[in-house]
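Report on one structure; see the data block that follows.
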Amino acid sequence: MIVRRFNASGIDAFRSTLARLREEPTGSVDHDPLSDGTLTEPIGREIKVDQRAFASKFEAAHYLRDLLSGLDDRRVAEDGGLWSWLTLFFFDQVCPARDGRRTVRNDYHYIFEPRSALYYYRHLLFLPWRILKIAPRHNRLFLNGPLASLEKVTEEVMKRLFLTRIPCMFEVLDLLYWDDRRGKAKVGIASPRDVRPGDLIHRLPVRIRQLEKTYDLHSLSADQLIELLGDEFRQRPAARPPTTAGTPDHPASATG
Amino acid sequence: MIKRVNFTGRRRIPRERVRVEVTDGPPRTFSASFTPDKERFPVGAVVCLEVMAAGSNQVQRIEWGEVDRLEAIRDRALEVEGRNVYFRLKVIDRSGQYGRILGIADQVRPVGAQAEGILPIERRDLGEEAWRLDFGEQDVTLLINERPNGLFEEARSGCWFHALVYPMVLRMVLERILLVDRSTDADDPDDDGWPARWLRFGRSLHPERMAPPSDDETPEEKESWIAAVVDQFTRKHKPLGQLSAELAEADEP
């Protein structure tokens, strides 16, 4: 199918579909809107998209990056209709049926709202693409899970632009919070209720805010920033990742 | 008078030393010049300029060059969106304490920019919400829906907004600072962040010019201070009086 974008009517139709599926979790998903000329419009280039299964956000991110590579990144990042169209196209990936039933989450996970500071970082398809764009390396903390879920770690980092704007931040996060033995994020770094020394969602943002008053964090390397963060964070560093890259299919290769 | 001690070593650069002009587009461009006090900064220190806009979390960063070899920036494309653009200039150590901010000029407005007051207002698509407060990193912005026509003008100068919205906005901002974020010291003249500016604004309105409660005071004391500020704000501006007058006019046959 050729990629299109939803217009306002198309987004309304998708919203209605989501509402219906919440009421009827065993209902079928109508894909006709994807090619309905009254609900969609062309995107200016002919890009062919195929149905496929993504084993992880990492796979989806790479596929979407390649799919949309001919488009201007900045416009793609603001195209709510495009991302919403793609989400309906890949709906079985972002909202899979289990035992014939789907659990449809809030609309903003499926309908992209680029101008909403509250919701833009929660879209299940846009987010992996975005993370791969801003962190082509050091993204395994965020892209290692299934496409249909939004991990707390990802949410808490991506909603804080003052963190993601710092060039070395993703490397810092990888060094501090990745657990090589488990092959996933360290335990206890993103507990909403418990504040632990050096944790990601409570202590790190506070410490970064303190440091940015005195240091230009854009100028620093990951090692320099970790040094400044202090002992409560330095006790956490993971072993440096191996310098040899894995295959593109292996999430561990996402450390670069 | 309490003497403030600057532990950071960061100097405040007078805004007058930074000159920025924005030219409307499209595309919008800007030109900038900086006259540093070179004796204050070591050789090799670098300057960067950051561009921001009220209601936006975008930051455009320009690595300007070494402080003693700066050339003016001319007609650079402005990449941030938003009407109310402002700038931050930093002088950064690249030798001794790498990355340390040696000097900063914050909230630099372009030449000729109209003072927006403490609350910038921007148009946005807000769905079915008429207005919303955006607590950004750089500023608190009042977002007004693009629809219907006339709503933005009503927000800027209409008596309905003044009576029904602005007292609430003032309360919401102060509650956010004192009760939610529990941040900031209004007495720090070097703090140009929006929480500090709003606390200074609140203090100027308070009937006894009382400083805002510190973080270790009770929520009730903080709410009491906020209530006094909002009450004084409405007594000063009398928004209900203007609204009453408009309603009375509307009732006239």
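So you can find residues: chains in the structure tokens are A, B, ... in the order shown, residues in each start at 1, and ligands are numbered from 1 in order.
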Query raised in the report: Taking only C-alpha atoms into account, what are the residues of chain B at most 6 Å from chain A, put as a ChimeraX atom specification?
Result: /B:99-101
Store the residues picked out above, limited to all heavy atoms, as a tab-separated table (two decimals), in the first residue's frame.
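Result written to again-v1.tsv:
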chain	number	residue	atom	x	y	z
B	99	GLY	N	33.63	23.27	30.40
B	99	GLY	CA	32.17	23.31	30.39
B	99	GLY	C	31.56	24.23	31.43
B	99	GLY	O	30.35	24.45	31.42
B	100	ARG	N	32.36	24.77	32.32
B	100	ARG	CA	31.81	25.64	33.36
B	100	ARG	C	31.33	26.94	32.73
B	100	ARG	O	32.00	27.53	31.88
B	100	ARG	CB	32.86	25.92	34.41
B	100	ARG	CG	32.27	26.56	35.65
B	100	ARG	CD	33.24	26.55	36.81
B	100	ARG	NE	32.58	26.95	38.02
B	100	ARG	CZ	32.33	26.15	39.04
B	100	ARG	NH1	32.70	24.89	39.00
B	100	ARG	NH2	31.72	26.61	40.10
B	101	ILE	N	30.18	27.42	33.19
B	101	ILE	CA	29.64	28.68	32.68
B	101	ILE	C	30.33	29.82	33.43
B	101	ILE	O	30.21	29.93	34.65
B	101	ILE	CB	28.12	28.76	32.87
B	101	ILE	CG1	27.43	27.63	32.09
B	101	ILE	CG2	27.60	30.11	32.39
B	101	ILE	CD1	25.94	27.53	32.35
Report task. Quick one: everything within 12 Å of A:Phe6, counting only C-alpha atoms, minus sequence neighbours fewer than 4 positions away in the same chain. Send it as a ChimeraX atom specification. Result -> /A:10-15,33-43,79-89,111-112
I need the chosen residues saved as a tab-separated table (two decimals), in the first residue's frame, with N, CA, C and O atoms.
chain	number	residue	atom	x	y	z
A	10	GLY	N	-10.31	11.80	8.80
A	10	GLY	CA	-9.70	10.50	8.98
A	10	GLY	C	-9.31	10.24	10.42
A	10	GLY	O	-9.50	9.14	10.94
A	11	ILE	N	-8.79	11.27	11.05
A	11	ILE	CA	-8.42	11.12	12.47
A	11	ILE	C	-9.67	10.91	13.31
A	11	ILE	O	-9.68	10.09	14.23
A	12	ASP	N	-10.73	11.63	12.98
A	12	ASP	CA	-11.99	11.41	13.72
A	12	ASP	C	-12.47	9.99	13.53
A	12	ASP	O	-12.95	9.35	14.48
A	13	ALA	N	-12.35	9.48	12.30
A	13	ALA	CA	-12.80	8.11	12.03
A	13	ALA	C	-11.96	7.11	12.83
A	13	ALA	O	-12.48	6.13	13.39
A	14	PHE	N	-10.67	7.36	12.89
A	14	PHE	CA	-9.79	6.47	13.67
A	14	PHE	C	-10.14	6.53	15.15
A	14	PHE	O	-10.18	5.51	15.84
A	15	ARG	N	-10.43	7.73	15.61
A	15	ARG	CA	-10.81	7.89	17.02
A	15	ARG	C	-12.07	7.08	17.32
A	15	ARG	O	-12.21	6.45	18.36
A	33	PRO	N	-10.48	2.92	5.94
A	33	PRO	CA	-10.13	4.35	5.96
A	33	PRO	C	-8.73	4.63	5.40
A	33	PRO	O	-8.47	5.75	4.96
A	34	LEU	N	-7.86	3.66	5.41
A	34	LEU	CA	-6.49	3.90	4.96
A	34	LEU	C	-6.43	4.31	3.49
A	34	LEU	O	-5.52	5.00	3.06
A	35	SER	N	-7.42	3.86	2.73
A	35	SER	CA	-7.39	4.17	1.29
A	35	SER	C	-8.59	5.02	0.88
A	35	SER	O	-8.83	5.23	-0.31
A	36	ASP	N	-9.31	5.51	1.87
A	36	ASP	CA	-10.50	6.33	1.59
A	36	ASP	C	-10.06	7.76	1.25
A	36	ASP	O	-9.48	8.45	2.08
A	37	GLY	N	-10.35	8.17	0.06
A	37	GLY	CA	-9.91	9.49	-0.39
A	37	GLY	C	-10.56	10.64	0.34
A	37	GLY	O	-10.06	11.77	0.31
A	38	THR	N	-11.65	10.39	1.05
A	38	THR	CA	-12.30	11.46	1.82
A	38	THR	C	-11.70	11.57	3.21
A	38	THR	O	-11.92	12.56	3.90
A	39	LEU	N	-10.96	10.57	3.60
A	39	LEU	CA	-10.38	10.57	4.95
A	39	LEU	C	-8.85	10.72	4.93
A	39	LEU	O	-8.23	10.92	5.97
A	40	THR	N	-8.28	10.62	3.77
A	40	THR	CA	-6.81	10.65	3.66
A	40	THR	C	-6.38	11.56	2.53
A	40	THR	O	-7.20	11.97	1.70
A	41	GLU	N	-5.10	11.86	2.51
A	41	GLU	CA	-4.52	12.65	1.41
A	41	GLU	C	-3.12	12.12	1.14
A	41	GLU	O	-2.49	11.52	2.01
A	42	PRO	N	-2.61	12.36	-0.05
A	42	PRO	CA	-1.25	11.89	-0.35
A	42	PRO	C	-0.22	12.70	0.43
A	42	PRO	O	-0.50	13.82	0.87
A	43	ILE	N	0.96	12.13	0.60
A	43	ILE	CA	1.99	12.80	1.40
A	43	ILE	C	3.02	13.50	0.54
A	43	ILE	O	3.96	14.08	1.04
A	79	ASP	N	3.91	15.65	11.76
A	79	ASP	CA	2.81	15.20	10.90
A	79	ASP	C	1.90	14.23	11.65
A	79	ASP	O	2.08	13.02	11.61
A	80	GLY	N	0.89	14.79	12.30
A	80	GLY	CA	-0.01	13.95	13.06
A	80	GLY	C	-0.79	12.99	12.18
A	80	GLY	O	-1.02	11.83	12.55
A	81	GLY	N	-1.19	13.45	11.00
A	81	GLY	CA	-1.97	12.61	10.10
A	81	GLY	C	-1.18	11.41	9.59
A	81	GLY	O	-1.71	10.31	9.46
A	82	LEU	N	0.10	11.64	9.31
A	82	LEU	CA	0.95	10.56	8.80
A	82	LEU	C	1.12	9.46	9.84
A	82	LEU	O	0.92	8.27	9.56
A	83	TRP	N	1.48	9.87	11.05
A	83	TRP	CA	1.72	8.87	12.10
A	83	TRP	C	0.45	8.14	12.49
A	83	TRP	O	0.47	6.94	12.82
A	84	SER	N	-0.65	8.84	12.48
A	84	SER	CA	-1.91	8.18	12.83
A	84	SER	C	-2.29	7.18	11.75
A	84	SER	O	-2.77	6.08	12.05
A	85	TRP	N	-2.05	7.55	10.49
A	85	TRP	CA	-2.32	6.61	9.38
A	85	TRP	C	-1.45	5.36	9.53
A	85	TRP	O	-1.94	4.23	9.42
A	86	LEU	N	-0.18	5.56	9.77
A	86	LEU	CA	0.73	4.42	9.92
A	86	LEU	C	0.31	3.54	11.10
A	86	LEU	O	0.47	2.32	11.07
A	87	THR	N	-0.21	4.17	12.14
A	87	THR	CA	-0.60	3.39	13.31
A	87	THR	C	-1.78	2.49	12.99
A	87	THR	O	-1.82	1.33	13.42
A	88	LEU	N	-2.75	3.02	12.24
A	88	LEU	CA	-3.86	2.13	11.85
A	88	LEU	C	-3.34	1.03	10.94
A	88	LEU	O	-3.76	-0.12	11.05
A	89	PHE	N	-2.41	1.37	10.06
A	89	PHE	CA	-1.86	0.36	9.16
A	89	PHE	C	-1.19	-0.77	9.95
A	89	PHE	O	-1.36	-1.94	9.65
A	111	ILE	N	-3.10	8.02	18.12
A	111	ILE	CA	-3.31	9.23	17.32
A	111	ILE	C	-2.27	10.25	17.75
A	111	ILE	O	-2.26	10.70	18.90
A	112	PHE	N	-1.40	10.60	16.81
A	112	PHE	CA	-0.25	11.42	17.16
A	112	PHE	C	-0.64	12.89	17.30
A	112	PHE	O	-1.26	13.46	16.39
Query raised in the report: Contacts of B:Gly25 at 10 Å or less, counting only C-alpha atoms, minus same-chain residues fewer than 3 places along, as an NGL selection string?
Result: :B and (22 or 28-29 or 77-78)
Selection file, C-alpha atoms, as a PDB file, in the first residue's frame:
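Contents of result.pdb, as written:
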ATOM      1  CA  VAL B  22      15.003  39.986  14.610  1.00  0.00           C
ATOM      2  CA  ARG B  28      12.550  35.148  10.070  1.00  0.00           C
ATOM      3  CA  THR B  29      16.193  35.938  10.664  1.00  0.00           C
ATOM      4  CA  ALA B  77      17.693  31.902  10.105  1.00  0.00           C
ATOM      5  CA  LEU B  78      15.478  31.746  13.167  1.00  0.00           C
TER       6      LEU B  78
END
Using DSSP assignments from the backbone, pull out every residue in stretch 146-250 of chain A that falls under strand (DSSP E) and give it to me as a PDB file with N, CA, C and O atoms, in the first residue's frame.
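File written: part-v3.pdb
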ATOM      1  N   TRP A 178      21.924   0.675  32.270  1.00  0.00           N
ATOM      2  CA  TRP A 178      21.746  -0.579  31.557  1.00  0.00           C
ATOM      3  C   TRP A 178      22.403  -1.702  32.353  1.00  0.00           C
ATOM      4  O   TRP A 178      23.515  -1.575  32.829  1.00  0.00           O
ATOM      5  N   ASP A 179      21.687  -2.818  32.445  1.00  0.00           N
ATOM      6  CA  ASP A 179      22.187  -3.997  33.156  1.00  0.00           C
ATOM      7  C   ASP A 179      22.537  -5.059  32.118  1.00  0.00           C
ATOM      8  O   ASP A 179      21.651  -5.680  31.530  1.00  0.00           O
ATOM      9  N   LYS A 184      18.584  -5.658  30.182  1.00  0.00           N
ATOM     10  CA  LYS A 184      17.528  -4.651  30.233  1.00  0.00           C
ATOM     11  C   LYS A 184      17.924  -3.608  31.272  1.00  0.00           C
ATOM     12  O   LYS A 184      19.025  -3.642  31.822  1.00  0.00           O
ATOM     13  N   ALA A 185      17.002  -2.719  31.541  1.00  0.00           N
ATOM     14  CA  ALA A 185      17.283  -1.638  32.499  1.00  0.00           C
ATOM     15  C   ALA A 185      17.497  -2.215  33.893  1.00  0.00           C
ATOM     16  O   ALA A 185      16.900  -3.226  34.265  1.00  0.00           O
TER      17      ALA A 185
END
Query raised in the report: Between atom CA of B:Glu146 and atom CA of B:Arg76, what is the spacing in Å?
Result: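 A separation of 29.0 Å between them.
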Query - Coordinates-based distance that separates atom CA of B:Arg10 from atom CA of B:Gly82 (Å, one decimal) - result: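 Taking atom CA of B:Gly82 as the start and atom CA of B:Arg10 as the end point, the length is 29.4 Å.
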Query raised in the report: Using only C-alpha atoms, which of the listed residues (B:Leu243, B:Val46, B:Ala113, B:Ala53) sits closest to B:Ser95?
Result: B:Val46
Query raised in the report: Hey, what's within 10 Å of B:Glu16 if we count only C-alpha atoms and toss same-chain stuff fewer than 2 positions away? As a list in words, please?
Result: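 Answer for this query is Ile13, Pro14, Val18, Arg19, Phe34, Thr35, Ala105 and Val108 of chain B.
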Convert the current residue selection to file output with all heavy atoms, as an mmCIF file, in the first residue's frame.
data_model
loop_
_atom_site.group_PDB
_atom_site.id
_atom_site.type_symbol
_atom_site.label_atom_id
_atom_site.label_comp_id
_atom_site.auth_asym_id
_atom_site.auth_seq_id
_atom_site.Cartn_x
_atom_site.Cartn_y
_atom_site.Cartn_z
ATOM 1 N N ILE B 13 26.171 38.709 32.967
ATOM 2 C CA ILE B 13 26.573 39.638 31.913
ATOM 3 C C ILE B 13 25.428 40.612 31.699
ATOM 4 O O ILE B 13 24.278 40.181 31.474
ATOM 5 C CB ILE B 13 26.867 38.877 30.598
ATOM 6 C CG1 ILE B 13 28.065 37.936 30.794
ATOM 7 C CG2 ILE B 13 27.135 39.845 29.451
ATOM 8 C CD1 ILE B 13 28.288 36.990 29.640
ATOM 9 N N PRO B 14 25.651 41.894 31.788
ATOM 10 C CA PRO B 14 24.567 42.851 31.556
ATOM 11 C C PRO B 14 23.953 42.641 30.175
ATOM 12 O O PRO B 14 24.665 42.479 29.179
ATOM 13 C CB PRO B 14 25.261 44.213 31.648
ATOM 14 C CG PRO B 14 26.517 43.961 32.404
ATOM 15 C CD PRO B 14 26.933 42.560 32.072
ATOM 16 N N VAL B 18 24.646 42.640 24.987
ATOM 17 C CA VAL B 18 24.211 41.739 23.915
ATOM 18 C C VAL B 18 23.122 42.448 23.134
ATOM 19 O O VAL B 18 22.143 42.913 23.707
ATOM 20 C CB VAL B 18 23.647 40.422 24.489
ATOM 21 C CG1 VAL B 18 23.340 39.437 23.358
ATOM 22 C CG2 VAL B 18 24.615 39.820 25.493
ATOM 23 N N ARG B 19 23.322 42.533 21.845
ATOM 24 C CA ARG B 19 22.325 43.202 21.010
ATOM 25 C C ARG B 19 21.820 42.223 19.963
ATOM 26 O O ARG B 19 22.612 41.622 19.231
ATOM 27 C CB ARG B 19 22.949 44.418 20.312
ATOM 28 C CG ARG B 19 21.968 45.200 19.457
ATOM 29 C CD ARG B 19 22.669 46.355 18.736
ATOM 30 N NE ARG B 19 21.793 46.952 17.745
ATOM 31 C CZ ARG B 19 20.919 47.912 18.002
ATOM 32 N NH1 ARG B 19 20.802 48.391 19.225
ATOM 33 N NH2 ARG B 19 20.156 48.403 17.043
ATOM 34 N N PHE B 34 27.916 41.000 20.444
ATOM 35 C CA PHE B 34 28.200 40.903 21.881
ATOM 36 C C PHE B 34 29.479 41.667 22.156
ATOM 37 O O PHE B 34 30.486 41.478 21.455
ATOM 38 C CB PHE B 34 28.341 39.430 22.266
ATOM 39 C CG PHE B 34 28.823 39.179 23.678
ATOM 40 C CD1 PHE B 34 28.368 39.942 24.746
ATOM 41 C CD2 PHE B 34 29.721 38.161 23.939
ATOM 42 C CE1 PHE B 34 28.800 39.704 26.038
ATOM 43 C CE2 PHE B 34 30.160 37.904 25.230
ATOM 44 C CZ PHE B 34 29.708 38.670 26.282
ATOM 45 N N THR B 35 29.425 42.523 23.153
ATOM 46 C CA THR B 35 30.604 43.289 23.544
ATOM 47 C C THR B 35 31.043 42.805 24.915
ATOM 48 O O THR B 35 30.592 43.309 25.945
ATOM 49 C CB THR B 35 30.261 44.792 23.616
ATOM 50 O OG1 THR B 35 29.492 45.153 22.485
ATOM 51 C CG2 THR B 35 31.521 45.622 23.692
ATOM 52 N N ALA B 105 24.066 35.856 30.141
ATOM 53 C CA ALA B 105 23.076 36.927 29.966
ATOM 54 C C ALA B 105 21.785 36.234 29.573
ATOM 55 O O ALA B 105 21.738 35.551 28.554
ATOM 56 C CB ALA B 105 23.510 37.913 28.889
ATOM 57 N N VAL B 108 17.383 37.892 27.079
ATOM 58 C CA VAL B 108 17.728 39.019 26.213
ATOM 59 C C VAL B 108 16.660 39.139 25.129
ATOM 60 O O VAL B 108 16.428 38.204 24.366
ATOM 61 C CB VAL B 108 19.112 38.800 25.561
ATOM 62 C CG1 VAL B 108 19.440 39.960 24.619
ATOM 63 C CG2 VAL B 108 20.200 38.648 26.614
#
**Report entry** All residues 10 Å or closer to stretch 61-70 of chain B, only C-alpha atoms, same chain fewer than 2 positions away omitted, as a count of residues only
**Finding:** 33
Requested in this report: DSSP on the backbone, then: every residue of stretch 25-224 of chain A marked alpha helix (DSSP H), written as an MDAnalysis selection string.
Outcome: chainID A and resid 57:67 73:76 80:89 91:94 126:134 140:143 152:158 161:164 169:177 203:211 222:224
Query - Interatomic distance, atom CA of A:Met158 to atom CA of A:Tyr121 (Å, one decimal) - result: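 These two atoms are separated by 6.1 Å.
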Query raised in the report: For A:Arg98, which residue among A:Pro128, A:Gly188, A:Leu67, A:Pro25 is the nearest when counting only C-alpha atoms?
Result: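 Of A:Pro128, A:Gly188, A:Leu67, A:Pro25, the one nearest A:Arg98, counting only C-alpha atoms, is A:Pro25.
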Query - Polymer residues at most 9 Å from A:Tyr120, only C-alpha atoms, same-chain spacing of 6 or more positions, as a ChimeraX atom specification - result: /A:108-109,112-114,126-127,159
Same residues, N, CA and C atoms, saved as a PDB file, in the first residue's frame:
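The result, stored in again-v2.pdb:
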ATOM      1  N   TYR A 108      -4.062   8.884  22.638  1.00  0.00           N
ATOM      2  CA  TYR A 108      -2.792   9.501  22.266  1.00  0.00           C
ATOM      3  C   TYR A 108      -1.673   8.491  21.996  1.00  0.00           C
ATOM      4  N   HIS A 109      -1.894   7.245  22.379  1.00  0.00           N
ATOM      5  CA  HIS A 109      -0.910   6.213  22.029  1.00  0.00           C
ATOM      6  C   HIS A 109      -0.986   5.862  20.554  1.00  0.00           C
ATOM      7  N   PHE A 112      -1.402  10.605  16.805  1.00  0.00           N
ATOM      8  CA  PHE A 112      -0.250  11.421  17.160  1.00  0.00           C
ATOM      9  C   PHE A 112      -0.638  12.886  17.296  1.00  0.00           C
ATOM     10  N   GLU A 113      -0.255  13.479  18.423  1.00  0.00           N
ATOM     11  CA  GLU A 113      -0.535  14.893  18.676  1.00  0.00           C
ATOM     12  C   GLU A 113       0.784  15.628  18.841  1.00  0.00           C
ATOM     13  N   PRO A 114       1.360  16.078  17.748  1.00  0.00           N
ATOM     14  CA  PRO A 114       2.717  16.630  17.821  1.00  0.00           C
ATOM     15  C   PRO A 114       2.827  17.905  18.654  1.00  0.00           C
ATOM     16  N   PHE A 126       5.512   6.671  16.703  1.00  0.00           N
ATOM     17  CA  PHE A 126       6.388   7.835  16.523  1.00  0.00           C
ATOM     18  C   PHE A 126       7.602   7.729  17.436  1.00  0.00           C
ATOM     19  N   LEU A 127       7.375   7.295  18.657  1.00  0.00           N
ATOM     20  CA  LEU A 127       8.436   7.359  19.654  1.00  0.00           C
ATOM     21  C   LEU A 127       9.669   6.546  19.282  1.00  0.00           C
ATOM     22  N   LYS A 159       9.797  12.695  28.134  1.00  0.00           N
ATOM     23  CA  LYS A 159       8.947  13.846  28.425  1.00  0.00           C
ATOM     24  C   LYS A 159       9.775  15.031  28.924  1.00  0.00           C
TER      25      LYS A 159
END
Report task. Using only C-alpha atoms, pick whichever of B:Glu249, B:Asp134, B:Glu81, B:Asp139 has the shortest atom-to-atom distance to A:Leu118. Result ->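 Distance minimum relative to A:Leu118 lands on B:Asp134.
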Requested in this report: Find the spatial neighbours of stretch 16-18 of chain A, counting only C-alpha atoms, within a cut-off of 10 Å - ignore same-chain residues fewer than 6 positions away - and output them as a ChimeraX atom specification.
Outcome: /A:10,24-25,27-31,88,104-107,110-111
Take the residues from that selection and write them out as a PDB file, in the first residue's frame, keeping C-alpha atoms.
ATOM      1  CA  GLY A  10      -9.704  10.501   8.978  1.00  0.00           C
ATOM      2  CA  GLU A  24     -16.050  -4.311  21.858  1.00  0.00           C
ATOM      3  CA  PRO A  25     -12.545  -5.682  22.503  1.00  0.00           C
ATOM      4  CA  GLY A  27     -14.321  -6.454  17.344  1.00  0.00           C
ATOM      5  CA  SER A  28     -12.527  -6.287  14.016  1.00  0.00           C
ATOM      6  CA  VAL A  29     -10.378  -3.392  12.862  1.00  0.00           C
ATOM      7  CA  ASP A  30     -11.590  -1.586   9.772  1.00  0.00           C
ATOM      8  CA  HIS A  31      -8.673  -0.740   7.483  1.00  0.00           C
ATOM      9  CA  LEU A  88      -3.857   2.134  11.847  1.00  0.00           C
ATOM     10  CA  VAL A 104      -7.040  -0.358  23.621  1.00  0.00           C
ATOM     11  CA  ARG A 105      -5.220   2.314  25.572  1.00  0.00           C
ATOM     12  CA  ASN A 106      -5.677   6.065  25.491  1.00  0.00           C
ATOM     13  CA  ASP A 107      -6.097   7.660  22.080  1.00  0.00           C
ATOM     14  CA  TYR A 110      -2.336   5.756  18.529  1.00  0.00           C
ATOM     15  CA  ILE A 111      -3.311   9.235  17.321  1.00  0.00           C
TER      16      ILE A 111
END
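Taking only C-alpha atoms into account, B:Ile118 lies nearest to B:Val140 out of the set B:Ala155, B:Ile104, B:Val140, B:Val85.
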